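Participant: One file is attached below, entry-v3.pdb, containing PDB, C-alpha atoms.
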ATOM      1  CA  MET A 166     235.974 -70.582 197.726  1.00  0.00           C
ATOM      2  CA  VAL A 167     238.355 -72.553 195.521  1.00  0.00           C
ATOM      3  CA  THR A 168     238.694 -76.214 196.433  1.00  0.00           C
ATOM      4  CA  ASP A 169     241.995 -78.007 195.750  1.00  0.00           C
ATOM      5  CA  LEU A 170     240.685 -81.270 194.324  1.00  0.00           C
ATOM      6  CA  HIS A 171     244.152 -82.447 193.311  1.00  0.00           C
ATOM      7  CA  SER A 172     245.121 -82.988 196.962  1.00  0.00           C
ATOM      8  CA  HIS A 173     242.312 -85.582 197.267  1.00  0.00           C
ATOM      9  CA  THR A 174     242.856 -87.330 193.916  1.00  0.00           C
ATOM     10  CA  ALA A 175     244.215 -90.853 194.449  1.00  0.00           C
ATOM     11  CA  ARG A 176     246.428 -92.441 191.807  1.00  0.00           C
ATOM     12  CA  LEU A 177     245.243 -95.804 190.422  1.00  0.00           C
ATOM     13  CA  ARG A 178     247.296 -98.925 189.829  1.00  0.00           C
ATOM     14  CA  ILE A 179     246.525-102.517 188.907  1.00  0.00           C
ATOM     15  CA  MET A 180     246.391-105.024 191.773  1.00  0.00           C
ATOM     16  CA  PRO A 181     249.446-107.338 191.570  1.00  0.00           C
ATOM     17  CA  CYS A 182     247.255-110.437 191.113  1.00  0.00           C
ATOM     18  CA  CYS A 183     245.435-108.877 188.129  1.00  0.00           C
ATOM     19  CA  GLU A 184     248.324-107.516 186.035  1.00  0.00           C
ATOM     20  CA  ASP A 185     247.769-109.944 183.141  1.00  0.00           C
ATOM     21  CA  ALA A 186     243.967-109.859 183.252  1.00  0.00           C
ATOM     22  CA  ILE A 187     242.934-106.195 183.024  1.00  0.00           C
ATOM     23  CA  PRO A 188     244.029-103.184 180.985  1.00  0.00           C
ATOM     24  CA  GLU A 189     246.288-100.414 182.238  1.00  0.00           C
ATOM     25  CA  ALA A 190     244.832 -98.296 185.018  1.00  0.00           C
ATOM     26  CA  PRO A 191     242.933 -95.218 183.802  1.00  0.00           C
ATOM     27  CA  SER A 192     244.996 -92.044 184.061  1.00  0.00           C
ATOM     28  CA  GLY A 193     243.769 -89.158 186.163  1.00  0.00           C
ATOM     29  CA  GLY A 194     242.929 -91.210 189.257  1.00  0.00           C
ATOM     30  CA  VAL A 195     239.820 -90.937 191.403  1.00  0.00           C
ATOM     31  CA  LEU A 196     238.624 -88.092 193.607  1.00  0.00           C
ATOM     32  CA  VAL A 197     238.187 -89.257 197.212  1.00  0.00           C
ATOM     33  CA  VAL A 198     235.445 -86.971 198.556  1.00  0.00           C
ATOM     34  CA  GLY A 199     234.646 -88.435 201.970  1.00  0.00           C
ATOM     35  CA  TYR A 200     234.564 -91.304 204.416  1.00  0.00           C
ATOM     36  CA  ARG A 201     232.024 -93.757 205.800  1.00  0.00           C
ATOM     37  CA  ALA A 202     232.498 -96.362 208.533  1.00  0.00           C
ATOM     38  CA  SER A 203     230.174 -99.330 208.787  1.00  0.00           C
ATOM     39  CA  PHE A 204     229.771-102.432 210.897  1.00  0.00           C
ATOM     40  CA  ALA A 205     229.300-106.017 209.789  1.00  0.00           C
ATOM     41  CA  THR A 206     228.520-105.276 206.105  1.00  0.00           C
ATOM     42  CA  ALA A 207     229.259-102.621 203.500  1.00  0.00           C
ATOM     43  CA  PRO A 208     226.834 -99.685 203.383  1.00  0.00           C
ATOM     44  CA  ASP A 209     223.961 -99.767 200.870  1.00  0.00           C
ATOM     45  CA  GLY A 210     223.407 -97.396 197.978  1.00  0.00           C
ATOM     46  CA  GLY A 211     221.983 -94.051 199.076  1.00  0.00           C
ATOM     47  CA  THR A 212     223.869 -94.085 202.393  1.00  0.00           C
ATOM     48  CA  PRO A 213     225.247 -90.606 203.170  1.00  0.00           C
ATOM     49  CA  VAL A 214     229.006 -90.077 203.224  1.00  0.00           C
ATOM     50  CA  ALA A 215     230.789 -87.553 205.459  1.00  0.00           C
ATOM     51  CA  ALA A 216     232.517 -85.192 203.027  1.00  0.00           C
ATOM     52  CA  PHE A 217     236.072 -84.152 203.855  1.00  0.00           C
ATOM     53  CA  ALA A 218     236.424 -80.616 205.196  1.00  0.00           C
ATOM     54  CA  ALA A 219     238.337 -79.411 202.111  1.00  0.00           C
ATOM     55  CA  ILE A 220     235.797 -80.839 199.634  1.00  0.00           C
ATOM     56  CA  ASN A 221     233.042 -78.590 198.331  1.00  0.00           C
ATOM     57  CA  PRO A 222     230.363 -80.789 196.680  1.00  0.00           C
ATOM     58  CA  ALA A 223     229.561 -78.109 194.090  1.00  0.00           C
ATOM     59  CA  ALA A 224     233.213 -77.860 193.036  1.00  0.00           C
ATOM     60  CA  THR A 225     233.429 -81.604 192.323  1.00  0.00           C
ATOM     61  CA  ALA A 226     230.827 -81.318 189.561  1.00  0.00           C
ATOM     62  CA  THR A 227     233.489 -79.952 187.198  1.00  0.00           C
ATOM     63  CA  SER A 228     236.027 -82.670 188.022  1.00  0.00           C
ATOM     64  CA  THR A 229     236.680 -85.298 185.364  1.00  0.00           C
ATOM     65  CA  ALA A 230     237.924 -87.802 187.968  1.00  0.00           C
ATOM     66  CA  PRO A 231     235.324 -90.277 189.252  1.00  0.00           C
ATOM     67  CA  ARG A 232     234.082 -89.396 192.764  1.00  0.00           C
ATOM     68  CA  MET A 233     234.543 -92.081 195.392  1.00  0.00           C
ATOM     69  CA  ALA A 234     234.292 -92.491 199.163  1.00  0.00           C
ATOM     70  CA  LEU A 235     236.712 -94.250 201.451  1.00  0.00           C
ATOM     71  CA  ILE A 236     234.824 -97.027 203.251  1.00  0.00           C
ATOM     72  CA  SER A 237     235.850 -99.041 206.301  1.00  0.00           C
ATOM     73  CA  VAL A 238     233.852-102.137 207.161  1.00  0.00           C
ATOM     74  CA  GLU A 239     234.406-103.718 210.557  1.00  0.00           C
ATOM     75  CA  ARG A 240     233.555-107.292 209.691  1.00  0.00           C
ATOM     76  CA  ALA A 241     231.710-109.389 212.252  1.00  0.00           C
ATOM     77  CA  THR A 242     229.584-112.502 212.320  1.00  0.00           C
ATOM     78  CA  ARG A 243     226.118-112.490 213.868  1.00  0.00           C
ATOM     79  CA  ILE A 244     225.771-115.346 216.346  1.00  0.00           C
ATOM     80  CA  LEU A 245     222.339-116.363 217.589  1.00  0.00           C
ATOM     81  CA  GLY A 246     222.659-118.241 220.848  1.00  0.00           C
ATOM     82  CA  THR A 247     220.068-120.036 222.946  1.00  0.00           C
ATOM     83  CA  HIS A 248     220.066-120.668 226.661  1.00  0.00           C
ATOM     84  CA  ALA A 249     218.769-123.587 228.727  1.00  0.00           C
ATOM     85  CA  ASP A 250     215.655-121.563 229.650  1.00  0.00           C
ATOM     86  CA  ASP A 251     214.788-121.212 225.907  1.00  0.00           C
ATOM     87  CA  SER A 252     215.747-117.539 225.845  1.00  0.00           C
ATOM     88  CA  SER A 253     217.976-116.364 223.037  1.00  0.00           C
ATOM     89  CA  GLU A 254     220.604-113.714 222.492  1.00  0.00           C
ATOM     90  CA  ILE A 255     222.286-112.150 219.522  1.00  0.00           C
ATOM     91  CA  ARG A 256     225.954-111.287 219.724  1.00  0.00           C
ATOM     92  CA  TRP A 257     228.612-110.259 217.228  1.00  0.00           C
ATOM     93  CA  GLU A 258     231.955-112.013 217.040  1.00  0.00           C
ATOM     94  CA  GLU A 259     234.909-110.360 215.384  1.00  0.00           C
ATOM     95  CA  ASN A 260     237.951-111.757 213.589  1.00  0.00           C
ATOM     96  CA  HIS A 261     236.147-114.562 211.756  1.00  0.00           C
ATOM     97  CA  PHE A 262     237.474-112.980 208.561  1.00  0.00           C
ATOM     98  CA  ALA A 263     241.234-113.479 208.843  1.00  0.00           C
ATOM     99  CA  ALA A 264     241.703-112.551 205.172  1.00  0.00           C
ATOM    100  CA  PHE A 265     240.807-108.942 206.021  1.00  0.00           C
ATOM    101  CA  GLY A 266     243.684-108.629 208.496  1.00  0.00           C
ATOM    102  CA  ASP A 267     244.117-108.929 212.234  1.00  0.00           C
ATOM    103  CA  SER A 268     241.603-106.217 213.031  1.00  0.00           C
ATOM    104  CA  GLY A 269     238.794-107.574 210.865  1.00  0.00           C
ATOM    105  CA  ILE A 270     238.482-104.228 209.083  1.00  0.00           C
ATOM    106  CA  GLN A 271     238.251-104.074 205.296  1.00  0.00           C
ATOM    107  CA  TRP A 272     239.043-100.825 203.460  1.00  0.00           C
ATOM    108  CA  HIS A 273     237.998 -99.899 199.937  1.00  0.00           C
ATOM    109  CA  LEU A 274     236.659 -97.096 197.746  1.00  0.00           C
ATOM    110  CA  LEU A 275     233.034 -97.030 196.537  1.00  0.00           C
ATOM    111  CA  PRO A 276     231.486 -94.761 193.871  1.00  0.00           C
ATOM    112  CA  VAL A 277     229.393 -91.854 195.143  1.00  0.00           C
ATOM    113  CA  ASP A 278     226.806 -89.527 193.637  1.00  0.00           C
ATOM    114  CA  ALA A 279     226.164 -85.928 194.596  1.00  0.00           C
ATOM    115  CA  CYS A 280     222.763 -85.413 196.196  1.00  0.00           C
ATOM    116  CA  PRO A 281     221.597 -81.782 196.581  1.00  0.00           C
ATOM    117  CA  GLU A 282     219.860 -82.433 199.916  1.00  0.00           C
ATOM    118  CA  ARG A 283     222.328 -84.867 201.463  1.00  0.00           C
ATOM    119  CA  GLY A 284     225.765 -84.051 199.986  1.00  0.00           C
ATOM    120  CA  PHE A 285     227.435 -87.239 198.792  1.00  0.00           C
ATOM    121  CA  VAL A 286     225.722 -90.640 198.902  1.00  0.00           C
ATOM    122  CA  ILE A 287     226.966 -94.073 197.938  1.00  0.00           C
ATOM    123  CA  ALA A 288     225.940 -94.856 194.370  1.00  0.00           C
ATOM    124  CA  SER A 289     223.118 -97.361 194.022  1.00  0.00           C
ATOM    125  CA  GLY A 290     223.868-100.809 192.697  1.00  0.00           C
ATOM    126  CA  ALA A 291     226.183-103.641 193.648  1.00  0.00           C
ATOM    127  CA  TRP A 292     229.927-102.968 193.607  1.00  0.00           C
ATOM    128  CA  SER A 293     232.794-105.443 193.677  1.00  0.00           C
ATOM    129  CA  ALA A 294     236.555-105.142 193.407  1.00  0.00           C
ATOM    130  CA  SER A 295     237.606-104.019 189.939  1.00  0.00           C
ATOM    131  CA  GLY A 296     241.218-105.208 189.977  1.00  0.00           C
ATOM    132  CA  TYR A 297     242.495-101.688 190.651  1.00  0.00           C
ATOM    133  CA  GLN A 298     243.958-100.167 193.778  1.00  0.00           C
ATOM    134  CA  ALA A 299     244.114 -96.513 194.772  1.00  0.00           C
ATOM    135  CA  VAL A 300     247.143 -94.955 196.423  1.00  0.00           C
ATOM    136  CA  LEU A 301     245.704 -92.415 198.857  1.00  0.00           C
ATOM    137  CA  THR A 302     247.160 -88.933 199.103  1.00  0.00           C
ATOM    138  CA  ARG A 303     248.521 -87.316 202.257  1.00  0.00           C
ATOM    139  CA  SER A 304     245.434 -85.101 202.451  1.00  0.00           C
ATOM    140  CA  VAL A 305     243.124 -88.127 202.562  1.00  0.00           C
ATOM    141  CA  SER A 306     245.413 -89.880 205.062  1.00  0.00           C
ATOM    142  CA  ALA A 307     245.287 -86.780 207.269  1.00  0.00           C
ATOM    143  CA  GLU A 308     241.455 -86.850 207.202  1.00  0.00           C
ATOM    144  CA  VAL A 309     241.353 -90.592 208.072  1.00  0.00           C
ATOM    145  CA  PRO A 310     244.683 -91.205 209.851  1.00  0.00           C
ATOM    146  CA  PHE A 311     244.085 -94.894 210.583  1.00  0.00           C
ATOM    147  CA  ALA A 312     243.409 -95.825 206.924  1.00  0.00           C
ATOM    148  CA  PRO A 313     245.971 -97.809 204.920  1.00  0.00           C
ATOM    149  CA  THR A 314     247.872 -96.045 202.130  1.00  0.00           C
ATOM    150  CA  VAL A 315     246.651 -98.433 199.405  1.00  0.00           C
ATOM    151  CA  VAL A 316     243.023 -99.581 199.159  1.00  0.00           C
ATOM    152  CA  ALA A 317     241.004-101.645 196.683  1.00  0.00           C
ATOM    153  CA  VAL A 318     238.667 -99.871 194.277  1.00  0.00           C
ATOM    154  CA  HIS A 319     235.156-101.374 194.248  1.00  0.00           C
ATOM    155  CA  ASN A 320     233.532 -99.982 191.155  1.00  0.00           C
ATOM    156  CA  ALA A 321     232.787-103.110 189.109  1.00  0.00           C
ATOM    157  CA  ASN A 322     229.325-104.533 188.572  1.00  0.00           C
ATOM    158  CA  PRO A 323     229.615-108.113 189.937  1.00  0.00           C
ATOM    159  CA  HIS A 324     227.108-109.372 187.360  1.00  0.00           C
ATOM    160  CA  THR A 325     228.709-107.927 184.212  1.00  0.00           C
ATOM    161  CA  GLY A 326     232.257-107.092 185.317  1.00  0.00           C
ATOM    162  CA  HIS A 327     231.978-103.625 183.761  1.00  0.00           C
ATOM    163  CA  THR A 328     233.479-100.781 185.774  1.00  0.00           C
ATOM    164  CA  ARG A 329     231.584 -97.581 186.507  1.00  0.00           C
ATOM    165  CA  TRP A 330     233.911 -95.365 184.498  1.00  0.00           C
TER
END
In structure tokens, how does this file's structure come out?

Facilitator:
Amino acid sequence: MVTDLHSHTARLRIMPCCEDAIPEAPSGGVLVVGYRASFATAPDGGTPVAAFAAINPAATATSTAPRMALISVERATRILGTHADDSSEIRWEENHFAAFGDSGIQWHLLPVDACPERGFVIASGAWSASGYQAVLTRSVSAEVPFAPTVVAVHNANPHTGHTRW
């Protein structure tokens, strides 16, 4: 089966706030292979990603575009409360992160690695925003219809600033 990788390759552009600070966006874009939703914090390295129906993991091995997963993080704050009888409860409160929008959901792309047993997994290491954005294709938007069209690319090492590619 031939997989059309082009339909899942997102074009890169520089974030408006970083135009003077980083070089031109790499040509060729990034291959968006799947999606992962998480709650409260971003998923750790090694977390499995649900591959899109049109993506064959074996076919992506020949792609020169970096493989990435679309991630949604529903931000929440853990609140530990105590009662008069000395019992306690843990609850989660949303919308403490107004910078992420009204819904408290942050969207971005994270690097992934192919794992023979598990398909795609989030690449190990720490990843921060690189100053690039990806413009998602219609095919990716059809797979995750509630995702925004433009998302940040998190592929920079926060300690060195070097990007994965």

Participant: So how far away is CA of Ala279 in chain A from CA of Gly210 in chain A, in Å?

Facilitator: 12.3 Å

Participant: Using all atoms listed in the file, determine which residues lie at most 7 Å from Gln298 in chain A, disregarding the query and same-chain residues fewer than 4 positions distant; provide the list as a VMD selection string.

Facilitator: chain A and resid 177 to 180 315 to 318

Participant: Looking at all atoms listed in the file, which of A:Glu189, A:Glu282, A:Glu308, A:Glu254 is the one that sits closest to Pro213 in chain A?

Facilitator: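 Among the listed residues, A:Glu282 lies closest to Pro213 in chain A.
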
Participant: Tell me, in Å to one decimal, how far CA of Ala218 in chain A is from CA of Ser289 in chain A.

Facilitator: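 Between CA of Ala218 in chain A and CA of Ser289 in chain A the gap works out to 24.1 Å.
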
Participant: Evaluate the PyMOL selection byres ((chain A and resi 300) around 12) and record the selected residues as a PyMOL selection string, following the chain and residue labels used in the document.

Facilitator: chain A and resi 173-180+194-197+235+273-274+297-299+301-306+312-318

Participant: Run the PyMOL selection byres ((chain A and resi 327) around 12) on the file and write out the hits as a ChimeraX atom specification.

Facilitator: /A:187,291-296,319-326,328-330

Participant: Pick out the closest residue to Glu239 in chain A from this set: A:Pro222, A:Gly211, A:Gly269, A:Gly193. Count all atoms listed in the file.

Facilitator: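 Among the listed residues, the smallest separation from Glu239 in chain A belongs to A:Gly269.
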
Participant: With only C-alpha atoms as the atoms that count, which of A:Leu275, A:Ile255, A:Ala190, A:Ile244 lies nearest to Ala207 in chain A?

Facilitator: A:Leu275

Participant: For Ala307 in chain A, which of A:Thr212, A:Asn221, A:Ser172, A:Thr206 is the closest residue, counting only C-alpha atoms?

Facilitator: A:Ser172

Participant: Counting all atoms listed in the file, figure out which residue out of A:Ile270, A:Ala234, A:Leu170, A:Ala186 gets nearest to Ala216 in chain A.

Facilitator: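 The answer is A:Ala234, which sits nearest to Ala216 in chain A.
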
Participant: Quick one: pull the distance between CA of Phe204 in chain A and CA of Ile236 in chain A, Å, one decimal.

Facilitator: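 Distance reported for this atom pair: 10.6 Å.
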
Participant: My list of candidates is A:Met233, A:Val238, A:Cys182, A:Ala223. Which is closest to Trp272 in chain A when distances are computed with all atoms listed in the file?

Facilitator: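 Among the listed residues, the smallest separation from Trp272 in chain A belongs to A:Val238.
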
Participant: Taking all heavy atoms as the atom set, what does range 232-243 of chain A look like once completed, written as a tab-separated table (two decimals), keeping the file's coordinate frame?

Facilitator:
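Produced file out02.tsv, reproduced below:
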chain	number	residue	atom	x	y	z
A	232	ARG	N	234.19	-89.68	191.33
A	232	ARG	CA	234.08	-89.40	192.76
A	232	ARG	C	233.86	-90.69	193.53
A	232	ARG	O	232.99	-91.48	193.17
A	232	ARG	CB	232.94	-88.43	193.02
A	232	ARG	CG	233.19	-87.06	192.43
A	232	ARG	CD	232.00	-86.18	192.58
A	232	ARG	NE	230.91	-86.71	191.77
A	232	ARG	CZ	229.85	-86.02	191.40
A	232	ARG	NH1	229.71	-84.78	191.77
A	232	ARG	NH2	228.91	-86.56	190.66
A	233	MET	N	234.64	-90.87	194.60
A	233	MET	CA	234.54	-92.08	195.39
A	233	MET	C	234.67	-91.74	196.87
A	233	MET	O	235.18	-90.68	197.23
A	233	MET	CB	235.63	-93.07	194.98
A	233	MET	CG	235.57	-93.42	193.49
A	233	MET	SD	236.47	-94.90	193.11
A	233	MET	CE	235.18	-96.10	193.26
A	234	ALA	N	234.19	-92.65	197.71
A	234	ALA	CA	234.29	-92.49	199.16
A	234	ALA	C	235.14	-93.61	199.73
A	234	ALA	O	235.07	-94.75	199.27
A	234	ALA	CB	232.91	-92.53	199.80
A	235	LEU	N	235.93	-93.27	200.73
A	235	LEU	CA	236.71	-94.25	201.45
A	235	LEU	C	235.79	-94.93	202.47
A	235	LEU	O	235.12	-94.25	203.25
A	235	LEU	CB	237.88	-93.57	202.16
A	235	LEU	CG	238.82	-94.46	202.95
A	235	LEU	CD1	239.47	-95.51	202.05
A	235	LEU	CD2	239.89	-93.61	203.63
A	236	ILE	N	235.74	-96.25	202.41
A	236	ILE	CA	234.82	-97.03	203.25
A	236	ILE	C	235.64	-97.97	204.14
A	236	ILE	O	236.55	-98.64	203.66
A	236	ILE	CB	233.87	-97.88	202.38
A	236	ILE	CG1	233.14	-97.03	201.33
A	236	ILE	CG2	232.91	-98.68	203.25
A	236	ILE	CD1	232.21	-96.01	201.89
A	237	SER	N	235.28	-98.02	205.42
A	237	SER	CA	235.85	-99.04	206.30
A	237	SER	C	234.69	-99.90	206.79
A	237	SER	O	233.66	-99.38	207.19
A	237	SER	CB	236.60	-98.42	207.48
A	237	SER	OG	235.72	-97.76	208.35
A	238	VAL	N	234.88	-101.20	206.70
A	238	VAL	CA	233.85	-102.14	207.16
A	238	VAL	C	234.47	-103.01	208.25
A	238	VAL	O	235.40	-103.77	207.98
A	238	VAL	CB	233.33	-103.03	206.00
A	238	VAL	CG1	232.26	-103.97	206.51
A	238	VAL	CG2	232.83	-102.18	204.85
A	239	GLU	N	233.96	-102.86	209.46
A	239	GLU	CA	234.41	-103.72	210.56
A	239	GLU	C	233.60	-105.00	210.48
A	239	GLU	O	232.41	-105.04	210.83
A	239	GLU	CB	234.19	-103.03	211.91
A	239	GLU	CG	234.74	-103.81	213.06
A	239	GLU	CD	234.58	-103.11	214.39
A	239	GLU	OE1	234.18	-101.93	214.42
A	239	GLU	OE2	234.86	-103.76	215.41
A	240	ARG	N	234.24	-106.02	209.94
A	240	ARG	CA	233.56	-107.29	209.69
A	240	ARG	C	233.27	-108.02	211.00
A	240	ARG	O	234.08	-108.02	211.92
A	240	ARG	CB	234.40	-108.20	208.80
A	240	ARG	CG	234.62	-107.64	207.42
A	240	ARG	CD	233.37	-107.72	206.62
A	240	ARG	NE	233.59	-107.16	205.29
A	240	ARG	CZ	232.67	-107.12	204.36
A	240	ARG	NH1	231.48	-107.61	204.57
A	240	ARG	NH2	232.93	-106.59	203.19
A	241	ALA	N	232.10	-108.60	211.08
A	241	ALA	CA	231.71	-109.39	212.25
A	241	ALA	C	230.67	-110.41	211.81
A	241	ALA	O	230.02	-110.25	210.78
A	241	ALA	CB	231.14	-108.49	213.34
A	242	THR	N	230.55	-111.45	212.60
A	242	THR	CA	229.58	-112.50	212.32
A	242	THR	C	228.50	-112.46	213.38
A	242	THR	O	228.78	-112.43	214.58
A	242	THR	CB	230.26	-113.89	212.33
A	242	THR	OG1	231.32	-113.88	211.38
A	242	THR	CG2	229.27	-114.98	212.01
A	243	ARG	N	227.25	-112.48	212.95
A	243	ARG	CA	226.12	-112.49	213.87
A	243	ARG	C	225.94	-113.91	214.39
A	243	ARG	O	225.78	-114.85	213.63
A	243	ARG	CB	224.87	-112.03	213.14
A	243	ARG	CG	223.66	-111.96	214.00
A	243	ARG	CD	222.49	-111.47	213.20
A	243	ARG	NE	221.27	-111.76	213.91
A	243	ARG	CZ	220.07	-111.70	213.38
A	243	ARG	NH1	219.92	-111.36	212.13
A	243	ARG	NH2	219.02	-111.98	214.10
